[in-house]
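Participant: Sharing run.pdb below, PDB, N, CA and C atoms:
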```pdb
ATOM      1  N   MET A  16       0.807  -1.194   0.000
ATOM      2  CA  MET A  16       0.000   0.000   0.000
ATOM      3  C   MET A  16       0.853   1.262   0.000
ATOM      4  N   ALA A  17       1.967   1.270   0.675
ATOM      5  CA  ALA A  17       2.809   2.469   0.742
ATOM      6  C   ALA A  17       3.428   2.783  -0.608
ATOM      7  N   GLU A  18       3.603   1.777  -1.461
ATOM      8  CA  GLU A  18       4.263   1.989  -2.734
ATOM      9  C   GLU A  18       3.540   2.984  -3.640
ATOM     10  N   PRO A  19       2.208   2.914  -3.808
ATOM     11  CA  PRO A  19       1.556   3.900  -4.651
ATOM     12  C   PRO A  19       1.728   5.329  -4.141
ATOM     13  N   GLN A  20       1.743   5.528  -2.823
ATOM     14  CA  GLN A  20       1.944   6.875  -2.302
ATOM     15  C   GLN A  20       3.317   7.394  -2.681
ATOM     16  N   ASN A  21       4.333   6.543  -2.598
ATOM     17  CA  ASN A  21       5.685   6.973  -2.921
ATOM     18  C   ASN A  21       5.857   7.260  -4.402
ATOM     19  N   SER A  22       5.064   6.621  -5.258
ATOM     20  CA  SER A  22       5.221   6.822  -6.685
ATOM     21  C   SER A  22       4.393   7.993  -7.194
ATOM     22  N   ASP A  23       3.569   8.612  -6.367
ATOM     23  CA  ASP A  23       2.720   9.722  -6.760
ATOM     24  C   ASP A  23       3.303  11.027  -6.238
ATOM     25  N   PRO A  24       3.997  11.783  -7.111
ATOM     26  CA  PRO A  24       4.626  13.016  -6.643
ATOM     27  C   PRO A  24       3.630  14.017  -6.082
ATOM     28  N   ASP A  25       2.405  14.053  -6.615
ATOM     29  CA  ASP A  25       1.418  14.996  -6.100
ATOM     30  C   ASP A  25       1.097  14.715  -4.641
ATOM     31  N   ARG A  26       1.027  13.447  -4.264
ATOM     32  CA  ARG A  26       0.779  13.109  -2.861
ATOM     33  C   ARG A  26       1.955  13.563  -2.001
ATOM     34  N   SER A  27       3.149  13.388  -2.496
ATOM     35  CA  SER A  27       4.322  13.824  -1.739
ATOM     36  C   SER A  27       4.307  15.332  -1.567
ATOM     37  N   VAL A  28       4.007  16.043  -2.624
ATOM     38  CA  VAL A  28       3.941  17.496  -2.559
ATOM     39  C   VAL A  28       2.853  17.912  -1.579
ATOM     40  N   ALA A  29       1.694  17.278  -1.665
ATOM     41  CA  ALA A  29       0.591  17.622  -0.770
ATOM     42  C   ALA A  29       0.953  17.339   0.683
ATOM     43  N   ALA A  30       1.602  16.217   0.933
ATOM     44  CA  ALA A  30       1.985  15.868   2.306
ATOM     45  C   ALA A  30       3.020  16.840   2.853
ATOM     46  N   ILE A  31       3.995  17.196   2.047
ATOM     47  CA  ILE A  31       5.023  18.136   2.483
ATOM     48  C   ILE A  31       4.408  19.514   2.699
ATOM     49  N   ALA A  32       3.557  19.938   1.780
ATOM     50  CA  ALA A  32       2.906  21.249   1.916
ATOM     51  C   ALA A  32       2.053  21.304   3.180
ATOM     52  N   ALA A  33       1.343  20.219   3.470
ATOM     53  CA  ALA A  33       0.516  20.181   4.686
ATOM     54  C   ALA A  33       1.388  20.252   5.929
ATOM     55  N   ALA A  34       2.503  19.532   5.931
ATOM     56  CA  ALA A  34       3.408  19.552   7.078
ATOM     57  C   ALA A  34       4.024  20.945   7.247
ATOM     58  N   LEU A  35       4.380  21.583   6.138
ATOM     59  CA  LEU A  35       4.927  22.941   6.204
ATOM     60  C   LEU A  35       3.899  23.921   6.752
ATOM     61  N   GLU A  36       2.666  23.786   6.311
ATOM     62  CA  GLU A  36       1.609  24.677   6.792
ATOM     63  C   GLU A  36       1.376  24.485   8.291
ATOM     64  N   GLN A  37       1.364  23.232   8.714
ATOM     65  CA  GLN A  37       1.151  22.952  10.140
ATOM     66  C   GLN A  37       2.300  23.503  10.983
ATOM     67  N   LEU A  38       3.525  23.316  10.514
ATOM     68  CA  LEU A  38       4.671  23.829  11.256
ATOM     69  C   LEU A  38       4.659  25.353  11.287
ATOM     70  N   THR A  39       4.293  25.980  10.183
ATOM     71  CA  THR A  39       4.200  27.438  10.147
ATOM     72  C   THR A  39       3.174  27.932  11.155
ATOM     73  N   GLU A  40       2.023  27.260  11.221
ATOM     74  CA  GLU A  40       0.995  27.644  12.193
ATOM     75  C   GLU A  40       1.498  27.464  13.625
ATOM     76  N   THR A  41       2.254  26.410  13.867
ATOM     77  CA  THR A  41       2.828  26.176  15.193
ATOM     78  C   THR A  41       3.788  27.298  15.566
ATOM     79  N   LEU A  42       4.586  27.746  14.604
ATOM     80  CA  LEU A  42       5.527  28.833  14.865
ATOM     81  C   LEU A  42       4.804  30.144  15.151
ATOM     82  N   VAL A  43       3.673  30.375  14.491
ATOM     83  CA  VAL A  43       2.882  31.572  14.759
ATOM     84  C   VAL A  43       2.400  31.549  16.207
ATOM     85  N   VAL A  44       1.894  30.402  16.641
ATOM     86  CA  VAL A  44       1.431  30.263  18.029
ATOM     87  C   VAL A  44       2.602  30.458  18.991
ATOM     88  N   ALA A  45       3.749  29.865  18.669
ATOM     89  CA  ALA A  45       4.927  30.005  19.527
ATOM     90  C   ALA A  45       5.331  31.471  19.654
ATOM     91  N   ARG A  46       5.275  32.202  18.553
ATOM     92  CA  ARG A  46       5.637  33.622  18.592
ATOM     93  C   ARG A  46       4.674  34.397  19.491
ATOM     94  N   VAL A  47       3.388  34.125  19.396
ATOM     95  CA  VAL A  47       2.400  34.792  20.249
ATOM     96  C   VAL A  47       2.676  34.471  21.718
ATOM     97  N   LEU A  48       3.001  33.226  21.999
ATOM     98  CA  LEU A  48       3.319  32.833  23.377
ATOM     99  C   LEU A  48       4.537  33.587  23.893
ATOM    100  N   VAL A  49       5.582  33.653  23.073
ATOM    101  CA  VAL A  49       6.797  34.367  23.468
ATOM    102  C   VAL A  49       6.476  35.835  23.719
ATOM    103  N   GLN A  50       5.690  36.437  22.844
ATOM    104  CA  GLN A  50       5.348  37.848  22.997
ATOM    105  C   GLN A  50       4.530  38.096  24.259
ATOM    106  N   SER A  51       3.813  37.071  24.721
ATOM    107  CA  SER A  51       3.030  37.233  25.950
ATOM    108  C   SER A  51       3.844  36.865  27.187
ATOM    109  N   GLY A  52       5.122  36.502  26.994
ATOM    110  CA  GLY A  52       6.006  36.228  28.111
ATOM    111  C   GLY A  52       6.137  34.765  28.489
ATOM    112  N   ALA A  53       5.515  33.881  27.756
ATOM    113  CA  ALA A  53       5.604  32.449  28.060
ATOM    114  C   ALA A  53       6.924  31.872  27.579
ATOM    115  N   ALA A  54       7.412  30.902  28.313
ATOM    116  CA  ALA A  54       8.601  30.169  27.889
ATOM    117  C   ALA A  54       8.154  29.074  26.928
ATOM    118  N   ILE A  55       8.934  28.857  25.876
ATOM    119  CA  ILE A  55       8.614  27.802  24.916
ATOM    120  C   ILE A  55       9.806  26.878  24.760
ATOM    121  N   ASP A  56       9.535  25.675  24.314
ATOM    122  CA  ASP A  56      10.576  24.669  24.095
ATOM    123  C   ASP A  56      10.688  24.414  22.600
ATOM    124  N   LEU A  57      11.841  24.716  22.040
ATOM    125  CA  LEU A  57      12.053  24.534  20.616
ATOM    126  C   LEU A  57      12.790  23.239  20.283
ATOM    127  N   ALA A  58      12.873  22.344  21.253
ATOM    128  CA  ALA A  58      13.572  21.076  21.029
ATOM    129  C   ALA A  58      12.946  20.351  19.844
ATOM    130  N   GLY A  59      13.771  19.956  18.924
ATOM    131  CA  GLY A  59      13.318  19.187  17.769
ATOM    132  C   GLY A  59      12.934  20.036  16.570
ATOM    133  N   LEU A  60      12.852  21.359  16.747
ATOM    134  CA  LEU A  60      12.459  22.217  15.631
ATOM    135  C   LEU A  60      13.446  22.116  14.477
ATOM    136  N   ASP A  61      14.740  22.172  14.796
ATOM    137  CA  ASP A  61      15.745  22.108  13.734
ATOM    138  C   ASP A  61      15.670  20.793  12.971
ATOM    139  N   ARG A  62      15.407  19.709  13.672
ATOM    140  CA  ARG A  62      15.298  18.398  13.012
ATOM    141  C   ARG A  62      14.068  18.363  12.103
ATOM    142  N   GLU A  63      12.953  18.875  12.612
ATOM    143  CA  GLU A  63      11.724  18.859  11.829
ATOM    144  C   GLU A  63      11.850  19.711  10.569
ATOM    145  N   VAL A  64      12.431  20.887  10.707
ATOM    146  CA  VAL A  64      12.632  21.760   9.550
ATOM    147  C   VAL A  64      13.604  21.096   8.570
ATOM    148  N   GLY A  65      14.663  20.518   9.088
ATOM    149  CA  GLY A  65      15.629  19.827   8.229
ATOM    150  C   GLY A  65      15.004  18.667   7.472
ATOM    151  N   ASP A  66      14.154  17.912   8.151
ATOM    152  CA  ASP A  66      13.470  16.791   7.496
ATOM    153  C   ASP A  66      12.570  17.281   6.363
ATOM    154  N   LEU A  67      11.834  18.354   6.613
ATOM    155  CA  LEU A  67      10.962  18.898   5.570
ATOM    156  C   LEU A  67      11.761  19.419   4.378
ATOM    157  N   CYS A  68      12.873  20.070   4.653
ATOM    158  CA  CYS A  68      13.738  20.548   3.567
ATOM    159  C   CYS A  68      14.285  19.380   2.756
ATOM    160  N   ALA A  69      14.716  18.334   3.450
ATOM    161  CA  ALA A  69      15.241  17.154   2.755
ATOM    162  C   ALA A  69      14.168  16.509   1.892
ATOM    163  N   GLU A  70      12.954  16.434   2.400
ATOM    164  CA  GLU A  70      11.855  15.867   1.615
ATOM    165  C   GLU A  70      11.580  16.715   0.377
ATOM    166  N   ALA A  71      11.611  18.030   0.519
ATOM    167  CA  ALA A  71      11.367  18.912  -0.619
ATOM    168  C   ALA A  71      12.480  18.782  -1.650
ATOM    169  N   ILE A  72      13.713  18.675  -1.191
ATOM    170  CA  ILE A  72      14.849  18.526  -2.101
ATOM    171  C   ILE A  72      14.779  17.207  -2.863
ATOM    172  N   ALA A  73      14.245  16.173  -2.218
ATOM    173  CA  ALA A  73      14.158  14.850  -2.832
ATOM    174  C   ALA A  73      13.080  14.760  -3.910
ATOM    175  N   LEU A  74      12.194  15.740  -3.955
ATOM    176  CA  LEU A  74      11.140  15.725  -4.973
ATOM    177  C   LEU A  74      11.734  15.951  -6.359
ATOM    178  N   PRO A  75      11.033  15.513  -7.395
ATOM    179  CA  PRO A  75      11.456  15.901  -8.748
ATOM    180  C   PRO A  75      11.511  17.425  -8.845
ATOM    181  N   ARG A  76      12.364  17.920  -9.706
ATOM    182  CA  ARG A  76      12.658  19.353  -9.777
ATOM    183  C   ARG A  76      11.402  20.223  -9.853
ATOM    184  N   ALA A  77      10.480  19.917 -10.734
ATOM    185  CA  ALA A  77       9.282  20.753 -10.895
ATOM    186  C   ALA A  77       8.455  20.790  -9.616
ATOM    187  N   GLU A  78       8.286  19.640  -8.989
ATOM    188  CA  GLU A  78       7.512  19.590  -7.753
ATOM    189  C   GLU A  78       8.257  20.281  -6.618
ATOM    190  N   GLY A  79       9.566  20.136  -6.605
ATOM    191  CA  GLY A  79      10.373  20.793  -5.584
ATOM    192  C   GLY A  79      10.261  22.302  -5.654
ATOM    193  N   ARG A  80      10.169  22.826  -6.869
ATOM    194  CA  ARG A  80      10.015  24.279  -7.033
ATOM    195  C   ARG A  80       8.728  24.775  -6.387
ATOM    196  N   ASP A  81       7.708  23.915  -6.398
ATOM    197  CA  ASP A  81       6.434  24.299  -5.783
ATOM    198  C   ASP A  81       6.573  24.504  -4.279
ATOM    199  N   MET A  82       7.631  23.989  -3.703
ATOM    200  CA  MET A  82       7.842  24.110  -2.263
ATOM    201  C   MET A  82       8.588  25.380  -1.890
ATOM    202  N   ALA A  83       9.071  26.134  -2.872
ATOM    203  CA  ALA A  83       9.871  27.325  -2.583
ATOM    204  C   ALA A  83       9.102  28.346  -1.742
ATOM    205  N   THR A  84       7.885  28.647  -2.115
ATOM    206  CA  THR A  84       7.110  29.646  -1.367
ATOM    207  C   THR A  84       6.762  29.161   0.037
ATOM    208  N   PRO A  85       6.240  27.933   0.203
ATOM    209  CA  PRO A  85       5.965  27.482   1.573
ATOM    210  C   PRO A  85       7.224  27.428   2.443
ATOM    211  N   LEU A  86       8.363  27.045   1.868
ATOM    212  CA  LEU A  86       9.608  27.027   2.636
ATOM    213  C   LEU A  86      10.046  28.441   3.000
ATOM    214  N   ALA A  87       9.864  29.380   2.090
ATOM    215  CA  ALA A  87      10.195  30.778   2.384
ATOM    216  C   ALA A  87       9.285  31.319   3.485
ATOM    217  N   ASP A  88       7.999  30.947   3.444
ATOM    218  CA  ASP A  88       7.072  31.360   4.501
ATOM    219  C   ASP A  88       7.508  30.799   5.850
ATOM    220  N   LEU A  89       7.947  29.548   5.851
ATOM    221  CA  LEU A  89       8.427  28.916   7.082
ATOM    222  C   LEU A  89       9.648  29.656   7.612
ATOM    223  N   LEU A  90      10.574  29.971   6.739
ATOM    224  CA  LEU A  90      11.766  30.719   7.145
ATOM    225  C   LEU A  90      11.386  32.074   7.736
ATOM    226  N   ALA A  91      10.424  32.740   7.124
ATOM    227  CA  ALA A  91       9.983  34.041   7.641
ATOM    228  C   ALA A  91       9.398  33.896   9.050
ATOM    229  N   GLU A  92       8.636  32.854   9.290
ATOM    230  CA  GLU A  92       8.074  32.634  10.627
ATOM    231  C   GLU A  92       9.165  32.327  11.647
ATOM    232  N   ILE A  93      10.160  31.552  11.236
ATOM    233  CA  ILE A  93      11.280  31.252  12.140
ATOM    234  C   ILE A  93      12.010  32.545  12.496
ATOM    235  N   GLU A  94      12.239  33.394  11.506
ATOM    236  CA  GLU A  94      12.922  34.661  11.755
ATOM    237  C   GLU A  94      12.100  35.559  12.678
ATOM    238  N   GLN A  95      10.780  35.594  12.495
ATOM    239  CA  GLN A  95       9.928  36.403  13.376
ATOM    240  C   GLN A  95       9.956  35.859  14.802
ATOM    241  N   LEU A  96       9.965  34.535  14.927
ATOM    242  CA  LEU A  96      10.050  33.922  16.258
ATOM    243  C   LEU A  96      11.385  34.261  16.913
ATOM    244  N   GLU A  97      12.466  34.199  16.143
ATOM    245  CA  GLU A  97      13.785  34.551  16.687
ATOM    246  C   GLU A  97      13.803  35.990  17.182
ATOM    247  N   ARG A  98      13.232  36.910  16.405
ATOM    248  CA  ARG A  98      13.192  38.318  16.827
ATOM    249  C   ARG A  98      12.358  38.482  18.095
ATOM    250  N   ALA A  99      11.244  37.780  18.165
ATOM    251  CA  ALA A  99      10.406  37.854  19.373
ATOM    252  C   ALA A  99      11.163  37.325  20.573
ATOM    253  N   MET A 100      11.927  36.261  20.398
ATOM    254  CA  MET A 100      12.689  35.686  21.497
ATOM    255  C   MET A 100      13.809  36.626  21.939
ATOM    256  N   GLU A 101      14.381  37.387  21.004
ATOM    257  CA  GLU A 101      15.404  38.361  21.363
ATOM    258  C   GLU A 101      14.803  39.493  22.191
ATOM    259  N   ARG A 102      13.577  39.888  21.857
ATOM    260  CA  ARG A 102      12.909  40.977  22.580
ATOM    261  C   ARG A 102      12.399  40.496  23.954
ATOM    262  N   HIS A 103      12.168  39.200  24.084
ATOM    263  CA  HIS A 103      11.648  38.611  25.325
ATOM    264  C   HIS A 103      12.586  37.476  25.743
ATOM    265  N   PRO A 104      13.798  37.790  26.212
ATOM    266  CA  PRO A 104      14.820  36.765  26.460
ATOM    267  C   PRO A 104      14.454  35.696  27.472
ATOM    268  N   ARG A 105      13.518  35.946  28.364
ATOM    269  CA  ARG A 105      13.175  34.908  29.340
ATOM    270  C   ARG A 105      12.450  33.739  28.695
ATOM    271  N   SER A 106      12.019  33.884  27.451
ATOM    272  CA  SER A 106      11.286  32.842  26.737
ATOM    273  C   SER A 106      12.254  32.037  25.888
ATOM    274  N   ALA A 107      12.996  31.153  26.485
ATOM    275  CA  ALA A 107      13.983  30.382  25.714
ATOM    276  C   ALA A 107      13.795  28.918  25.870
TER     277      ALA A 107
END
```
In C-alpha coordinates, what does this structure look like?

Facilitator:
Amino acid sequence: MAEPQNSDPDRSVAAIAAALEQLTETLVVARVLVQSGAAIDLAGLDREVGDLCAEAIALPRAEGRDMATPLADLLAEIEQLERAMERHPRSA
(Lines of atoms letter the chains of each structure in order from A and count residues from 1; the text may use other names and numbers.)
(Lines give C-alpha, C1' and ligand atoms only; values in the text may rest on other atoms or scores of the structure.)
Protein backbone atom coordinates (compact mmCIF):
# COMPACT_ATOMS: atom_id res chain seq x y z
CA MET A 1 0.00 0.00 0.00
CA ALA A 2 2.81 2.47 0.74
CA GLU A 3 4.26 1.99 -2.73
CA PRO A 4 1.56 3.90 -4.65
CA GLN A 5 1.94 6.87 -2.30
CA ASN A 6 5.69 6.97 -2.92
CA SER A 7 5.22 6.82 -6.68
CA ASP A 8 2.72 9.72 -6.76
CA PRO A 9 4.63 13.02 -6.64
CA ASP A 10 1.42 15.00 -6.10
CA ARG A 11 0.78 13.11 -2.86
CA SER A 12 4.32 13.82 -1.74
CA VAL A 13 3.94 17.50 -2.56
CA ALA A 14 0.59 17.62 -0.77
CA ALA A 15 1.98 15.87 2.31
CA ILE A 16 5.02 18.14 2.48
CA ALA A 17 2.91 21.25 1.92
CA ALA A 18 0.52 20.18 4.69
CA ALA A 19 3.41 19.55 7.08
CA LEU A 20 4.93 22.94 6.20
CA GLU A 21 1.61 24.68 6.79
CA GLN A 22 1.15 22.95 10.14
CA LEU A 23 4.67 23.83 11.26
CA THR A 24 4.20 27.44 10.15
CA GLU A 25 1.00 27.64 12.19
CA THR A 26 2.83 26.18 15.19
CA LEU A 27 5.53 28.83 14.87
CA VAL A 28 2.88 31.57 14.76
CA VAL A 29 1.43 30.26 18.03
CA ALA A 30 4.93 30.01 19.53
CA ARG A 31 5.64 33.62 18.59
CA VAL A 32 2.40 34.79 20.25
CA LEU A 33 3.32 32.83 23.38
CA VAL A 34 6.80 34.37 23.47
CA GLN A 35 5.35 37.85 23.00
CA SER A 36 3.03 37.23 25.95
CA GLY A 37 6.01 36.23 28.11
CA ALA A 38 5.60 32.45 28.06
CA ALA A 39 8.60 30.17 27.89
CA ILE A 40 8.61 27.80 24.92
CA ASP A 41 10.58 24.67 24.10
CA LEU A 42 12.05 24.53 20.62
CA ALA A 43 13.57 21.08 21.03
CA GLY A 44 13.32 19.19 17.77
CA LEU A 45 12.46 22.22 15.63
CA ASP A 46 15.74 22.11 13.73
CA ARG A 47 15.30 18.40 13.01
CA GLU A 48 11.72 18.86 11.83
CA VAL A 49 12.63 21.76 9.55
CA GLY A 50 15.63 19.83 8.23
CA ASP A 51 13.47 16.79 7.50
CA LEU A 52 10.96 18.90 5.57
CA CYS A 53 13.74 20.55 3.57
CA ALA A 54 15.24 17.15 2.76
CA GLU A 55 11.86 15.87 1.61
CA ALA A 56 11.37 18.91 -0.62
CA ILE A 57 14.85 18.53 -2.10
CA ALA A 58 14.16 14.85 -2.83
CA LEU A 59 11.14 15.73 -4.97
CA PRO A 60 11.46 15.90 -8.75
CA ARG A 61 12.66 19.35 -9.78
CA ALA A 62 9.28 20.75 -10.90
CA GLU A 63 7.51 19.59 -7.75
CA GLY A 64 10.37 20.79 -5.58
CA ARG A 65 10.01 24.28 -7.03
CA ASP A 66 6.43 24.30 -5.78
CA MET A 67 7.84 24.11 -2.26
CA ALA A 68 9.87 27.33 -2.58
CA THR A 69 7.11 29.65 -1.37
CA PRO A 70 5.96 27.48 1.57
CA LEU A 71 9.61 27.03 2.64
CA ALA A 72 10.19 30.78 2.38
CA ASP A 73 7.07 31.36 4.50
CA LEU A 74 8.43 28.92 7.08
CA LEU A 75 11.77 30.72 7.15
CA ALA A 76 9.98 34.04 7.64
CA GLU A 77 8.07 32.63 10.63
CA ILE A 78 11.28 31.25 12.14
CA GLU A 79 12.92 34.66 11.76
CA GLN A 80 9.93 36.40 13.38
CA LEU A 81 10.05 33.92 16.26
CA GLU A 82 13.78 34.55 16.69
CA ARG A 83 13.19 38.32 16.83
CA ALA A 84 10.41 37.85 19.37
CA MET A 85 12.69 35.69 21.50
CA GLU A 86 15.40 38.36 21.36
CA ARG A 87 12.91 40.98 22.58
CA HIS A 88 11.65 38.61 25.33
CA PRO A 89 14.82 36.76 26.46
CA ARG A 90 13.17 34.91 29.34
CA SER A 91 11.29 32.84 26.74
CA ALA A 92 13.98 30.38 25.71

Participant: When the PyMOL selection byres (((chain A and resi 69-81 and name CA) around 10) and name CA) is applied to the structure above, which residues does it catch, written out as a list in words?

Facilitator: Pro24, Asp25, Ser27, Val28, Ala30, Ile31, Ala32, Glu63, Val64, Gly65, Asp66, Leu67, Cys68, Met82, Ala83, Thr84, Pro85 and Leu86 of chain A

Participant: Write out as a ChimeraX atom specification which residues come within 8 Å of Ile93 of chain A when counting all atoms listed in the file, dropping same-chain ones fewer than 6 positions away.

Facilitator: /A:39,42-43,87,99

Participant: Hey, what does DSSP flag as alpha helix (DSSP H) within chain A? Can you give it to me as a ChimeraX atom specification?

Facilitator: /A:17-22,24-50,60-73,76-80,83-102

Participant: Between atom CA of Glu97 of chain A and atom N of Arg46 of chain A, what distance in Å does the model show, to one decimal?

Facilitator: 9.0 Å

Participant: So the first atom is atom CA of Ala33 of chain A and the second is atom N of Leu89 of chain A; what is the distance between them in Å, to one decimal place?

Facilitator: 12.0 Å

Participant: Please report the interatomic distance between atom N of Glu94 of chain A and atom C of Ala54 of chain A in Å with one decimal.

Facilitator: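 Taking atom N of Glu94 of chain A as the start and atom C of Ala54 of chain A as the end point, the length is 16.5 Å.
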
Participant: Of the candidates A:Leu60, A:Ile55, A:Ala29, A:Val47, which one gets nearest to Leu96 of chain A if we count all atoms listed in the file?

Facilitator: A:Val47

Participant: Nearest to Gln95 of chain A: which of A:Ala45, A:Ser51, A:Leu35, A:Leu57 is it, counting only C-alpha atoms?

Facilitator: A:Ala45
